[in-house]
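K.L.:
Below you'll find entry.cif; it's mmCIF, C-alpha atoms and all ligand atoms.
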```cif
data_coords
loop_
_atom_site.label_atom_id
_atom_site.label_comp_id
_atom_site.auth_asym_id
_atom_site.auth_seq_id
_atom_site.Cartn_x
_atom_site.Cartn_y
_atom_site.Cartn_z
CA MET P 12 15.86 11.87 1.73
CA ASN P 13 13.22 11.18 4.41
CA PRO P 14 9.97 9.49 3.27
CA VAL P 15 7.89 12.68 3.59
CA ASN P 16 10.21 14.61 1.26
CA GLU P 17 10.41 11.69 -1.10
CA GLN P 18 6.60 11.57 -1.36
CA ALA P 19 6.37 15.36 -1.76
CA GLU P 20 8.89 15.22 -4.60
CA HIS P 21 6.97 12.40 -6.23
CA LEU P 22 3.80 14.57 -6.16
CA ASP P 23 5.56 17.70 -7.42
CA GLN P 24 4.00 17.26 -10.85
CA VAL P 25 1.57 14.46 -11.71
CA THR P 26 0.92 14.80 -15.39
CA ILE P 27 -2.16 13.70 -17.32
CA THR P 28 -1.04 11.41 -20.13
CA ASN P 29 -4.35 10.46 -21.75
CA VAL P 30 -8.07 10.09 -21.25
CA THR P 31 -10.44 7.22 -22.09
CA ILE P 32 -14.13 7.93 -22.64
CA THR P 33 -16.52 4.96 -22.73
CA PRO P 34 -20.21 5.45 -23.48
CA VAL P 35 -22.48 2.97 -21.69
CA ALA P 36 -26.19 2.18 -21.66
CA PHE P 37 -28.19 0.71 -18.78
CA LYS P 38 -31.82 -0.36 -18.54
CA ASP P 39 -34.30 2.30 -17.49
CA PRO P 40 -38.02 1.83 -16.75
CA PRO P 41 -40.76 3.84 -18.55
CA LEU P 42 -40.75 6.80 -16.15
CA LEU P 43 -43.09 9.59 -17.22
CA ASN P 44 -42.34 13.29 -17.05
CA THR P 45 -43.66 16.43 -18.65
CA VAL P 46 -41.59 16.03 -21.82
CA GLY P 47 -42.44 12.36 -22.46
CA VAL P 48 -41.17 9.06 -21.11
CA HIS P 49 -37.78 7.51 -20.39
CA GLU P 50 -36.53 5.23 -23.16
CA PRO P 51 -35.60 1.58 -22.41
CA TYR P 52 -31.95 2.56 -21.88
CA ALA P 53 -30.29 5.54 -20.20
CA LEU P 54 -26.90 6.69 -21.49
CA ARG P 55 -23.83 7.71 -19.50
CA ALA P 56 -20.17 8.30 -20.31
CA ILE P 57 -17.41 6.93 -18.10
CA VAL P 58 -14.34 9.16 -18.18
CA GLU P 59 -10.98 7.70 -17.12
CA VAL P 60 -8.07 10.07 -16.68
CA HIS P 61 -4.60 8.48 -16.71
CA THR P 62 -1.40 10.01 -15.31
CA ASP P 63 2.34 9.42 -15.55
CA SER P 64 2.25 8.26 -11.92
CA GLY P 65 0.41 5.13 -13.05
CA VAL P 66 -2.62 6.23 -11.03
CA SER P 67 -5.91 6.76 -12.89
CA GLY P 68 -9.20 8.29 -11.82
CA VAL P 69 -12.82 8.05 -12.97
CA GLY P 70 -15.77 10.35 -13.51
CA GLU P 71 -19.30 9.82 -14.84
CA THR P 72 -21.41 12.14 -16.96
CA TYR P 73 -24.15 12.28 -19.63
CA GLY P 74 -23.69 9.97 -22.61
CA ASP P 75 -25.46 11.82 -25.41
CA ALA P 76 -23.70 12.12 -28.75
CA GLY P 77 -23.27 15.91 -28.58
CA HIS P 78 -21.86 15.70 -25.06
CA LEU P 79 -19.51 12.83 -26.04
CA ALA P 80 -18.07 14.97 -28.83
CA ARG P 81 -17.40 17.80 -26.37
CA LEU P 82 -15.84 15.39 -23.87
CA GLN P 83 -13.50 14.18 -26.63
CA ALA P 84 -12.56 17.75 -27.57
CA ALA P 85 -11.84 18.57 -23.92
CA ALA P 86 -9.89 15.33 -23.39
CA ALA P 87 -7.59 16.12 -26.30
CA ALA P 88 -6.58 19.37 -24.60
CA LEU P 89 -5.57 17.80 -21.29
CA PRO P 90 -2.35 15.74 -21.76
CA GLY P 91 0.56 17.51 -20.10
CA THR P 92 -1.58 19.15 -17.40
CA ASP P 93 -0.82 18.67 -13.71
CA VAL P 94 -3.73 16.69 -12.28
CA PHE P 95 -3.63 18.86 -9.13
CA ASN P 96 -4.33 21.96 -11.22
CA ILE P 97 -8.06 21.77 -11.94
CA ASN P 98 -8.12 25.50 -12.76
CA GLU P 99 -5.71 24.76 -15.62
CA LEU P 100 -7.90 21.84 -16.74
CA ARG P 101 -10.88 24.19 -16.84
CA SER P 102 -9.14 26.93 -18.81
CA ARG P 103 -7.78 24.42 -21.34
CA MET P 104 -11.20 22.93 -21.92
CA ALA P 105 -12.87 26.35 -22.08
CA ALA P 106 -10.42 27.19 -24.88
CA ALA P 107 -11.09 23.86 -26.62
CA LEU P 108 -14.85 24.45 -26.45
CA GLN P 109 -14.96 28.18 -27.13
CA HIS P 110 -16.70 27.76 -30.46
CA ASP P 111 -19.06 25.10 -29.14
CA GLN P 112 -21.22 26.62 -26.44
CA VAL P 113 -24.33 24.91 -27.78
CA ARG P 114 -27.09 24.34 -25.29
CA GLY P 115 -28.82 20.97 -25.07
CA GLY P 116 -27.63 17.63 -26.44
CA HIS P 117 -26.34 16.50 -23.08
CA GLY P 118 -28.94 14.12 -21.70
CA MET P 119 -31.06 16.29 -19.48
CA SER P 120 -34.16 15.92 -21.58
CA GLY P 121 -34.52 19.56 -22.55
CA MET P 122 -35.51 20.45 -19.00
CA VAL P 123 -32.29 22.04 -17.80
CA THR P 124 -31.50 24.42 -20.57
CA GLY P 125 -29.04 27.16 -19.78
CA SER P 126 -26.22 25.41 -17.94
CA SER P 127 -22.64 26.32 -18.85
CA THR P 128 -21.13 24.03 -21.49
CA THR P 129 -17.66 24.32 -19.99
CA ASP P 130 -18.91 23.43 -16.52
CA ARG P 131 -20.94 20.51 -17.86
CA VAL P 132 -17.89 19.13 -19.63
CA LEU P 133 -15.48 19.90 -16.78
CA SER P 134 -17.50 17.97 -14.21
CA ALA P 135 -16.40 14.39 -14.99
CA PHE P 136 -12.76 15.47 -15.37
CA ASP P 137 -12.90 17.34 -12.05
CA VAL P 138 -14.22 14.21 -10.33
CA ALA P 139 -11.58 12.01 -12.02
CA ALA P 140 -8.80 14.45 -11.06
CA LEU P 141 -9.96 14.50 -7.43
CA ASP P 142 -10.14 10.67 -7.52
CA ILE P 143 -6.48 10.61 -8.59
CA GLN P 144 -5.45 13.24 -6.02
CA GLY P 145 -7.17 11.25 -3.28
CA LYS P 146 -5.54 8.00 -4.36
CA LEU P 147 -2.09 9.64 -4.43
CA LEU P 148 -2.59 11.17 -1.00
CA GLY P 149 -4.37 8.14 0.47
CA ARG P 150 -7.37 10.28 1.47
CA PRO P 151 -11.07 10.20 0.49
CA ILE P 152 -12.38 12.98 -1.75
CA SER P 153 -14.52 14.31 1.11
CA ASP P 154 -11.23 15.19 2.86
CA LEU P 155 -10.00 17.08 -0.22
CA LEU P 156 -13.28 19.03 -0.14
CA GLY P 157 -12.65 20.23 3.39
CA GLY P 158 -13.65 17.17 5.38
CA ALA P 159 -16.83 15.19 5.89
CA VAL P 160 -19.28 16.77 8.31
CA ARG P 161 -21.46 13.65 8.25
CA ASP P 162 -20.76 9.91 7.97
CA THR P 163 -23.88 9.16 5.95
CA VAL P 164 -25.79 11.13 3.31
CA GLN P 165 -29.59 11.18 3.25
CA PHE P 166 -31.46 10.68 -0.03
CA SER P 167 -35.13 11.16 -0.88
CA GLY P 168 -37.30 8.55 -2.57
CA TYR P 169 -37.96 9.75 -6.12
CA LEU P 170 -41.47 8.73 -7.23
CA PHE P 171 -42.52 8.68 -10.88
CA TYR P 172 -45.75 8.05 -12.69
CA LYS P 173 -44.96 5.08 -14.88
CA TRP P 174 -46.32 2.34 -17.08
CA SER P 175 -46.07 -1.29 -15.96
CA GLY P 176 -43.28 -1.86 -18.46
CA HIS P 177 -41.99 -0.61 -21.79
CA PRO P 178 -44.48 -1.40 -24.56
CA GLY P 179 -43.66 -4.80 -26.06
CA GLN P 180 -41.59 -5.83 -23.03
CA ASN P 181 -42.43 -7.68 -19.80
CA ASP P 182 -43.68 -5.72 -16.80
CA ASP P 183 -40.90 -4.50 -14.54
CA SER P 184 -40.75 -5.18 -10.80
CA TRP P 185 -42.32 -1.81 -9.91
CA GLY P 186 -45.59 -2.22 -11.79
CA PRO P 187 -47.75 0.68 -13.00
CA ALA P 188 -48.28 4.00 -11.19
CA LEU P 189 -50.83 6.09 -13.02
CA ASP P 190 -53.07 7.36 -10.21
CA PRO P 191 -52.80 8.27 -6.50
CA ALA P 192 -53.17 4.64 -5.38
CA GLY P 193 -50.35 3.59 -7.74
CA ILE P 194 -48.08 6.35 -6.47
CA VAL P 195 -48.76 5.40 -2.84
CA ARG P 196 -48.04 1.74 -3.66
CA GLN P 197 -44.76 2.73 -5.31
CA ALA P 198 -43.84 4.97 -2.37
CA ARG P 199 -44.55 2.20 0.13
CA LYS P 200 -42.30 -0.23 -1.76
CA MET P 201 -39.53 2.36 -2.05
CA VAL P 202 -39.72 3.32 1.63
CA ASP P 203 -39.82 -0.33 2.72
CA GLU P 204 -36.84 -1.28 0.54
CA TYR P 205 -34.64 1.80 1.00
CA GLY P 206 -35.88 3.42 4.21
CA PHE P 207 -36.22 6.90 2.67
CA SER P 208 -37.49 9.58 5.03
CA ALA P 209 -38.39 12.19 2.37
CA LEU P 210 -40.32 11.70 -0.89
CA LYS P 211 -40.40 13.62 -4.17
CA LEU P 212 -43.06 13.12 -6.82
CA LYS P 213 -42.15 13.86 -10.43
CA GLY P 214 -45.22 15.74 -11.64
CA GLY P 215 -46.22 17.57 -14.81
CA VAL P 216 -47.63 14.34 -16.25
CA PHE P 217 -51.33 14.51 -15.39
CA ALA P 218 -53.68 17.44 -14.73
CA PRO P 219 -52.62 19.29 -11.56
CA GLU P 220 -55.77 18.19 -9.67
CA GLU P 221 -54.75 14.55 -10.11
CA GLU P 222 -51.22 15.25 -8.92
CA VAL P 223 -52.52 17.24 -5.93
CA ALA P 224 -54.66 14.18 -5.07
CA ALA P 225 -51.54 11.99 -5.28
CA VAL P 226 -49.64 14.30 -2.89
CA LYS P 227 -52.58 14.27 -0.47
CA ALA P 228 -52.73 10.47 -0.70
CA LEU P 229 -49.01 10.35 0.14
CA ARG P 230 -49.63 12.63 3.12
CA ALA P 231 -52.42 10.35 4.35
CA GLU P 232 -50.17 7.28 4.02
CA PHE P 233 -47.04 8.93 5.46
CA PRO P 234 -48.26 11.56 7.97
CA ALA P 235 -44.80 12.83 9.00
CA MET P 236 -42.84 12.41 5.74
CA PRO P 237 -41.39 15.57 4.09
CA LEU P 238 -42.95 15.71 0.59
CA ARG P 239 -42.02 17.56 -2.62
CA ILE P 240 -43.54 17.74 -6.09
CA ASP P 241 -41.64 18.75 -9.24
CA PRO P 242 -43.67 19.30 -12.44
CA ASN P 243 -40.61 20.65 -14.31
CA GLY P 244 -42.27 23.96 -15.19
CA ALA P 245 -45.46 22.38 -16.53
CA TRP P 246 -47.78 24.90 -14.87
CA THR P 247 -48.65 28.50 -15.65
CA VAL P 248 -48.12 31.07 -12.92
CA ASP P 249 -51.84 31.01 -12.06
CA THR P 250 -51.97 27.23 -11.87
CA SER P 251 -48.81 27.19 -9.75
CA ILE P 252 -50.32 29.68 -7.30
CA ARG P 253 -53.54 27.68 -7.08
CA VAL P 254 -51.69 24.40 -6.49
CA GLY P 255 -49.21 26.09 -4.13
CA LYS P 256 -52.09 27.39 -1.99
CA GLU P 257 -53.79 24.02 -1.99
CA LEU P 258 -50.65 22.19 -0.90
CA ASP P 259 -49.58 24.78 1.66
CA GLY P 260 -48.54 23.05 4.86
CA ILE P 261 -48.16 19.72 3.03
CA LEU P 262 -44.96 20.25 0.99
CA GLU P 263 -41.47 20.88 2.32
CA TYR P 264 -40.84 22.61 -1.02
CA LEU P 265 -42.44 23.08 -4.41
CA GLU P 266 -39.91 22.45 -7.19
CA ASP P 267 -40.02 24.35 -10.51
CA PRO P 268 -43.80 24.75 -10.77
CA THR P 269 -43.43 27.21 -13.64
CA PRO P 270 -40.65 28.11 -16.12
CA GLY P 271 -38.26 31.02 -15.74
CA ILE P 272 -37.04 33.37 -13.04
CA GLY P 273 -39.88 35.86 -13.62
CA GLY P 274 -42.58 33.20 -13.39
CA MET P 275 -41.06 31.64 -10.28
CA ALA P 276 -40.82 35.07 -8.61
CA ALA P 277 -44.52 35.75 -9.36
CA VAL P 278 -45.49 32.40 -7.80
CA ARG P 279 -43.22 32.93 -4.82
CA ARG P 280 -44.92 36.22 -3.95
CA GLU P 281 -48.22 34.37 -3.52
CA VAL P 282 -47.46 30.96 -2.00
CA GLY P 283 -46.36 30.06 1.50
CA MET P 284 -43.98 27.14 1.05
CA PRO P 285 -40.36 27.40 -0.19
CA LEU P 286 -39.84 27.27 -3.97
CA ALA P 287 -36.94 25.16 -5.23
CA THR P 288 -35.27 24.94 -8.64
CA ASN P 289 -32.95 22.98 -10.85
CA MET P 290 -34.31 24.70 -13.96
CA CYS P 291 -34.21 28.49 -13.60
CA VAL P 292 -30.88 28.59 -11.72
CA VAL P 293 -28.53 26.18 -13.49
CA SER P 294 -25.32 28.20 -13.79
CA PHE P 295 -23.46 30.91 -11.89
CA SER P 296 -24.81 33.53 -14.28
CA ASP P 297 -28.39 32.74 -13.14
CA VAL P 298 -27.77 33.27 -9.44
CA ALA P 299 -27.73 37.08 -9.22
CA PRO P 300 -30.87 37.62 -11.36
CA ALA P 301 -32.76 34.95 -9.40
CA ILE P 302 -31.81 36.48 -6.07
CA ALA P 303 -32.63 40.00 -7.28
CA ALA P 304 -36.05 38.83 -8.50
CA GLY P 305 -36.78 36.85 -5.33
CA ALA P 306 -37.44 33.77 -7.47
CA VAL P 307 -36.36 30.89 -5.25
CA ASP P 308 -35.74 29.71 -1.71
CA VAL P 309 -33.81 26.53 -2.49
CA ILE P 310 -31.30 25.71 -5.24
CA LEU P 311 -30.76 22.09 -6.22
CA SER P 312 -27.08 21.72 -6.96
CA ASP P 313 -25.86 19.06 -9.37
CA HIS P 314 -22.13 18.61 -9.86
CA HIS P 315 -22.76 17.27 -13.39
CA PHE P 316 -23.73 20.72 -14.64
CA TRP P 317 -22.26 23.04 -11.99
CA GLY P 318 -18.69 22.18 -13.00
CA GLY P 319 -17.80 19.35 -10.65
CA LEU P 320 -17.36 19.08 -6.91
CA ARG P 321 -15.27 22.17 -6.19
CA ARG P 322 -17.51 24.51 -8.15
CA SER P 323 -20.58 22.94 -6.50
CA GLN P 324 -18.99 23.93 -3.21
CA SER P 325 -18.76 27.51 -4.54
CA LEU P 326 -22.50 27.34 -5.16
CA ALA P 327 -22.98 26.11 -1.59
CA GLY P 328 -21.02 29.16 -0.40
CA ILE P 329 -23.35 31.42 -2.35
CA THR P 330 -26.54 29.83 -1.00
CA ASP P 331 -25.09 30.06 2.51
CA THR P 332 -24.21 33.73 2.07
CA PHE P 333 -27.63 34.66 0.74
CA GLY P 334 -29.60 32.53 3.19
CA LEU P 335 -30.93 30.20 0.48
CA GLY P 336 -31.57 26.50 1.03
CA LEU P 337 -29.47 23.87 -0.77
CA SER P 338 -30.62 20.50 -2.05
CA MET P 339 -29.28 18.15 -4.75
CA HIS P 340 -30.69 17.18 -8.17
CA SER P 341 -30.14 13.93 -10.04
CA ASN P 342 -30.65 12.31 -13.43
CA SER P 343 -30.50 8.56 -14.12
CA HIS P 344 -27.00 7.59 -12.97
CA LEU P 345 -24.57 4.83 -12.03
CA GLY P 346 -22.31 4.26 -9.03
CA ILE P 347 -19.48 6.64 -9.93
CA SER P 348 -21.94 9.54 -9.86
CA LEU P 349 -23.45 8.26 -6.62
CA ALA P 350 -19.99 8.18 -4.99
CA ALA P 351 -19.24 11.72 -6.19
CA MET P 352 -22.63 12.99 -4.94
CA VAL P 353 -22.04 11.38 -1.55
CA HIS P 354 -18.54 12.88 -1.11
CA LEU P 355 -19.84 16.31 -2.11
CA ALA P 356 -22.88 16.09 0.17
CA ALA P 357 -20.71 14.84 3.04
CA ALA P 358 -18.40 17.85 2.76
CA THR P 359 -21.16 20.46 2.35
CA PRO P 360 -22.22 21.63 5.82
CA ASN P 361 -25.18 23.68 4.60
CA LEU P 362 -26.87 20.92 2.61
CA ASP P 363 -30.35 21.34 4.05
CA TYR P 364 -32.39 18.57 2.42
CA ALA P 365 -32.21 14.88 1.53
CA CYS P 366 -30.63 14.62 -1.95
CA ASP P 367 -32.44 13.36 -5.07
CA THR P 368 -31.35 10.10 -6.62
CA HIS P 369 -32.69 7.92 -9.44
CA TRP P 370 -30.81 4.95 -7.90
CA PRO P 371 -33.84 2.71 -7.09
CA TRP P 372 -34.84 2.82 -10.77
CA LYS P 373 -31.59 1.18 -11.88
CA ASP P 374 -31.38 -2.58 -12.33
CA PRO P 375 -29.26 -3.66 -9.33
CA GLU P 376 -27.32 -6.00 -11.64
CA GLU P 377 -26.10 -3.15 -13.82
CA ASP P 378 -23.30 -0.86 -12.77
CA VAL P 379 -19.70 -0.07 -13.61
CA VAL P 380 -18.56 -0.15 -9.99
CA ARG P 381 -18.07 -3.39 -8.10
CA ALA P 382 -21.35 -4.93 -6.94
CA GLY P 383 -22.17 -4.33 -3.30
CA THR P 384 -20.28 -1.03 -3.08
CA PHE P 385 -23.36 0.91 -1.92
CA ALA P 386 -26.14 -0.05 0.46
CA PHE P 387 -29.04 2.17 1.43
CA ASP P 388 -29.86 2.11 5.11
CA LYS P 389 -32.65 4.36 6.45
CA GLY P 390 -32.54 6.24 3.16
CA SER P 391 -28.87 7.04 3.47
CA VAL P 392 -25.53 5.93 2.06
CA LYS P 393 -22.27 5.70 4.00
CA VAL P 394 -19.56 8.10 2.89
CA PRO P 395 -16.78 5.98 1.32
CA THR P 396 -13.59 6.16 3.36
CA GLY P 397 -11.14 4.64 0.86
CA PRO P 398 -8.75 6.85 -1.14
CA GLY P 399 -10.28 9.08 -3.84
CA LEU P 400 -13.87 8.17 -4.67
CA GLY P 401 -13.40 4.97 -2.68
CA ILE P 402 -14.81 2.78 -5.44
CA GLU P 403 -13.41 0.25 -7.89
CA LEU P 404 -14.26 0.14 -11.58
CA ASP P 405 -15.60 -3.27 -12.69
CA ARG P 406 -13.97 -3.62 -16.12
CA ASP P 407 -16.11 -6.58 -17.20
CA ALA P 408 -19.26 -4.65 -16.33
CA LEU P 409 -17.94 -1.57 -18.16
CA GLU P 410 -17.42 -3.70 -21.24
CA ARG P 411 -20.91 -5.24 -20.95
CA LEU P 412 -22.63 -1.86 -20.59
CA HIS P 413 -20.56 -0.47 -23.46
CA LEU P 414 -21.71 -3.37 -25.68
CA GLN P 415 -25.25 -2.63 -24.57
CA TYR P 416 -24.67 0.98 -25.67
CA LEU P 417 -23.45 -0.18 -29.08
CA GLU P 418 -26.42 -2.50 -29.50
CA CYS P 419 -29.28 -0.40 -28.08
CA GLY P 420 -29.20 2.11 -30.92
CA ILE P 421 -29.96 5.11 -28.67
CA ARG P 422 -27.44 7.91 -29.14
CA SER P 423 -29.21 10.83 -27.45
CA ARG P 424 -31.85 10.96 -24.75
CA ASP P 425 -35.20 11.72 -26.36
CA ASP P 426 -38.14 11.29 -23.98
CA THR P 427 -40.41 13.26 -26.34
CA GLY P 428 -39.45 11.34 -29.48
CA TYR P 429 -40.00 7.98 -27.73
CA MET P 430 -43.41 9.12 -26.47
CA ARG P 431 -44.36 10.33 -29.96
CA ARG P 432 -43.37 7.03 -31.52
CA LEU P 433 -45.75 5.32 -29.09
CA ASP P 434 -48.47 7.99 -29.24
CA PRO P 435 -48.29 10.12 -32.40
CA SER P 436 -50.91 12.54 -30.96
CA TYR P 437 -48.53 13.52 -28.11
CA VAL P 438 -47.83 17.28 -28.09
CA LEU P 439 -44.99 18.93 -26.18
CA GLN P 440 -46.22 22.03 -24.32
CA SER P 441 -44.62 24.31 -21.77
CA PRO P 442 -46.38 25.29 -19.61
CA ARG P 443 -48.97 22.56 -20.18
CA TRP P 444 -51.62 23.53 -17.58
O1 LIG V 1 -35.51 17.30 -10.72
C1 LIG V 1 -35.55 17.21 -11.94
O2 LIG V 1 -35.92 18.19 -12.59
C2 LIG V 1 -35.16 15.96 -12.62
O3 LIG V 1 -34.93 15.01 -11.96
C3 LIG V 1 -35.05 15.93 -14.07
C4 LIG V 1 -35.02 14.54 -14.65
O4 LIG V 1 -34.75 14.63 -16.02
C5 LIG V 1 -36.31 13.78 -14.41
O5 LIG V 1 -37.40 14.59 -14.69
C6 LIG V 1 -36.37 12.52 -15.22
O6 LIG V 1 -35.50 11.69 -15.02
O7 LIG V 1 -37.30 12.36 -15.99
MG MG V 2 -36.38 19.27 -10.64
#
```
Here is the file; what I need is its structure written in the form of structure tokens.
Ligand SMILES: O=C([O-])C(=O)C[C@H](O)[C@@H](O)C(=O)[O-]
Ligand SMILES: [Mg+2]
P.N.:
Amino acid sequence: MNPVNEQAEHLDQVTITNVTITPVAFKDPPLLNTVGVHEPYALRAIVEVHTDSGVSGVGETYGDAGHLARLQAAAAALPGTDVFNINELRSRMAAALQHDQVRGGHGMSGMVTGSSTTDRVLSAFDVAALDIQGKLLGRPISDLLGGAVRDTVQFSGYLFYKWSGHPGQNDDSWGPALDPAGIVRQARKMVDEYGFSALKLKGGVFAPEEEVAAVKALRAEFPAMPLRIDPNGAWTVDTSIRVGKELDGILEYLEDPTPGIGGMAAVRREVGMPLATNMCVVSFSDVAPAIAAGAVDVILSDHHFWGGLRRSQSLAGITDTFGLGLSMHSNSHLGISLAAMVHLAAATPNLDYACDTHWPWKDPEEDVVRAGTFAFDKGSVKVPTGPGLGIELDRDALERLHLQYLECGIRSRDDTGYMRRLDPSYVLQSPRW
């Protein structure tokens, strides 16, 4: 048999034998948002899919208790499946989860509410399966997704209001950012260290006037920088229109000023700049109503809740067809997610904006991939060219971050509960202003 046939025969069926799911915790600074403040540790789950070929693949997803239970239920349904048949993986896990379509409990802080449970669970398995396929074929995932159209992927600097450190702990290296001057200081440090050429401010923390002043201060400091603000639906329609008019000509887009498709459509009729969302369009079932209502100009994809890399490409096809812009959302994440985001972004021709990432907020010493795998240069990351995700799991680091998970006591992300423990008068409100 010639080598090509021999390899083809070998790949005829590559069967999943078992799955390992490891929850991990990594340090997170006190980043403020409209539902509270980040706790001292962020949770993730590392999913390893093993096959009878001896080749394994990895994926990364939310680490909350409810999500972990669903990952386990899905994992139990997968042995015996061909790792090249992601459609079969999806239908098996949809069956396993059919009585558990609960919303929430996944680590998105109550801000992204209506995403599909099956797609949220599928994501890490999809990434792990593509990692295996790539390793078997000797090709990077970007090739499996149709080929990279860019060698590097641009990210935006993600600015947060924050305290100087977690109460009772030492100050972190970023210091406080509680007013326009603090935000500009943070932006300067982030741009100097990472070279970002777009900036996003997480808003919804202070009164809109203060956040408008922060955006204007950023504009004064960085005259040519594309700027965005995202209050996560903290504003009423009227407030959103007022702020939208005031920041017209300053923002490249305004992200989720107000909750819901109806509210976003009402704002969009009155403001000049594009409206973006990762809150009112979070699953395929939201797309048609949002387009019919004229609610948004830009959708932020996120493979963690859109069902992995292939289904995120389906979303990209939809935004392309309907003339919508496409950007990318993030939550606090580690290097496996970064690699997956980069492969997806590289193979998505119509990605119109620099992608979000929480990467600068992570302690550089903490990751489950080998240190030094990623470097930011001019705000961008090189697309890995090795087989699969092109990364290597650091087993010692995985063990350390798993121990940290066991010891930290946090089992579900709860920005509001943490804030309330620190400030019992704190009230959750949506919209707040
Ligand atoms: O764009 C967004 O909505 C986010 O990045 C959501 C995140 O949960 C962010 O607000 C955070 O980390 O606090
Ligand atoms: Mg957002």
K.L.:
Could you please determine the separation between CA of Ala356 in chain P and CA of Leu155 in chain P in Å, to one decimal place?
P.N.:
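Distance between the two atoms: 12.9 Å.
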K.L.:
Which is closest to Ala80 in chain P among P:Ile272, P:Val226, P:Leu108, P:Leu212, if we use all atoms listed in the file?
P.N.:
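Closest candidate: P:Leu108.
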K.L.:
Could the residues of chain P that have an atom at most 9 Å from ligand MG 2 (chain V) be listed as a Markdown table, each with its closest atom pair and the distance in Å to one decimal, counting only C-alpha atoms and all ligand atoms and ordered by chain and ascending residue number?
P.N.:
```
| residue | atom | partner | partner_atom | distance |
| --- | --- | --- | --- | --- |
| P:Met122 | CA | V:MG2 | MG | 8.5 |
| P:Val123 | CA | V:MG2 | MG | 8.7 |
| P:Lys213 | CA | V:MG2 | MG | 7.9 |
| P:Ile240 | CA | V:MG2 | MG | 8.6 |
| P:Asp241 | CA | V:MG2 | MG | 5.5 |
| P:Pro242 | CA | V:MG2 | MG | 7.5 |
| P:Asn243 | CA | V:MG2 | MG | 5.8 |
| P:Gly244 | CA | V:MG2 | MG | 8.8 |
| P:Glu266 | CA | V:MG2 | MG | 5.9 |
| P:Asp267 | CA | V:MG2 | MG | 6.3 |
| P:Ala287 | CA | V:MG2 | MG | 8.0 |
| P:Thr288 | CA | V:MG2 | MG | 6.1 |
| P:Asn289 | CA | V:MG2 | MG | 5.1 |
| P:Met290 | CA | V:MG2 | MG | 6.7 |
| P:Leu311 | CA | V:MG2 | MG | 7.7 |
| P:His340 | CA | V:MG2 | MG | 6.5 |
| P:Ser341 | CA | V:MG2 | MG | 8.2 |
```
K.L.:
Which neighbours of range 432-442 of chain P fall inside 7 Å, counting all atoms listed in the file, when residues of the same chain fewer than 4 positions from it are skipped, and could you give them as an MDAnalysis selection string?
P.N.:
chainID P and resid 46 244:247 269 428
K.L.:
When you look at range 196-202 of chain P with a cut-off of 8 Å (counting all atoms listed in the file), what residues show up, excluding the ones that are within fewer than 5 positions of it in the same chain? I need them as a compact mmCIF listing (two decimals) with C-alpha atoms, keeping the file's coordinate frame.
P.N.:
```txt
# COMPACT_ATOMS: atom_id res chain seq x y z
CA GLY P 168 -37.30 8.55 -2.57
CA LEU P 170 -41.47 8.73 -7.23
CA TRP P 185 -42.32 -1.81 -9.91
CA ALA P 188 -48.28 4.00 -11.19
CA PHE P 207 -36.22 6.90 2.67
CA SER P 208 -37.49 9.58 5.03
CA LEU P 210 -40.32 11.70 -0.89
CA LEU P 229 -49.01 10.35 0.14
CA PRO P 371 -33.84 2.71 -7.09
CA GLY P 390 -32.54 6.24 3.16
```
K.L.:
Just checking: using all atoms listed in the file, which residue out of P:Val48, P:Ala382, P:Val25, P:Met275 ends up closest to Pro178 in chain P?
P.N.:
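The answer is P:Val48, which sits nearest to Pro178 in chain P.
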K.L.:
Could you tell me which of P:Pro234, P:Gly328, P:Pro398, P:Pro270 comes closest to ligand LIG 1 (chain V) if we count all atoms listed in the file?
P.N.:
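Nearest candidate to ligand LIG 1 (chain V) out of P:Pro234, P:Gly328, P:Pro398, P:Pro270: P:Pro270.
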K.L.:
Pick out the residues sitting within 8 Å of Asn342 in chain P, and hand them over as a PyMOL selection string; count only C-alpha atoms, and ignore anything fewer than 5 positions along from it in its own chain.
P.N.:
chain P and resi 119+368-369
K.L.:
Go ahead and write the selection's residues with C-alpha atoms as a PDB file, in the coordinates of the input.
P.N.:
```pdb
ATOM      1  CA  MET P 119     -31.060  16.290 -19.480  1.00  0.00           C
ATOM      2  CA  THR P 368     -31.350  10.100  -6.620  1.00  0.00           C
ATOM      3  CA  HIS P 369     -32.690   7.920  -9.440  1.00  0.00           C
TER       4      HIS P 369
END
```
K.L.:
Go through P:Ala135, P:Ile194, P:Ala76, P:Leu414 one by one, measure the shortest atom-to-atom distance of each to Phe37 in chain P using all atoms listed in the file, and give the residue with the smallest value.
P.N.:
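Closest to Phe37 in chain P, using all atoms listed in the file: P:Leu414.
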K.L.:
Just the number, please: distance in Å from CA of Gly215 in chain P to CA of Ser391 in chain P, one decimal.
P.N.:
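Result for CA of Gly215 in chain P versus CA of Ser391 in chain P: 27.3 Å, one decimal.
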K.L.:
Pick the closest to ligand LIG 1 (chain V) from P:Leu417, P:Leu265, P:Ala86, P:Ile302: which is it, counting all atoms listed in the file?
P.N.:
P:Leu265
K.L.:
Could you please determine the separation between CA of Asp405 in chain P and CA of Val35 in chain P in Å, to one decimal place?
P.N.:
12.9 Å
K.L.:
Give me the residues near Ala408 in chain P as a list of chain:residue names, where near means some atom within 9 Å (using only C-alpha atoms) and where sequence neighbours in that chain fewer than 2 positions away do not count.
P.N.:
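Counting only the stated atoms, we get P:Glu377, P:Asp378, P:Val379, P:Val380, P:Arg381, P:Leu404, P:Asp405, P:Arg406, P:Glu410, P:Arg411, P:Leu412, P:His413.
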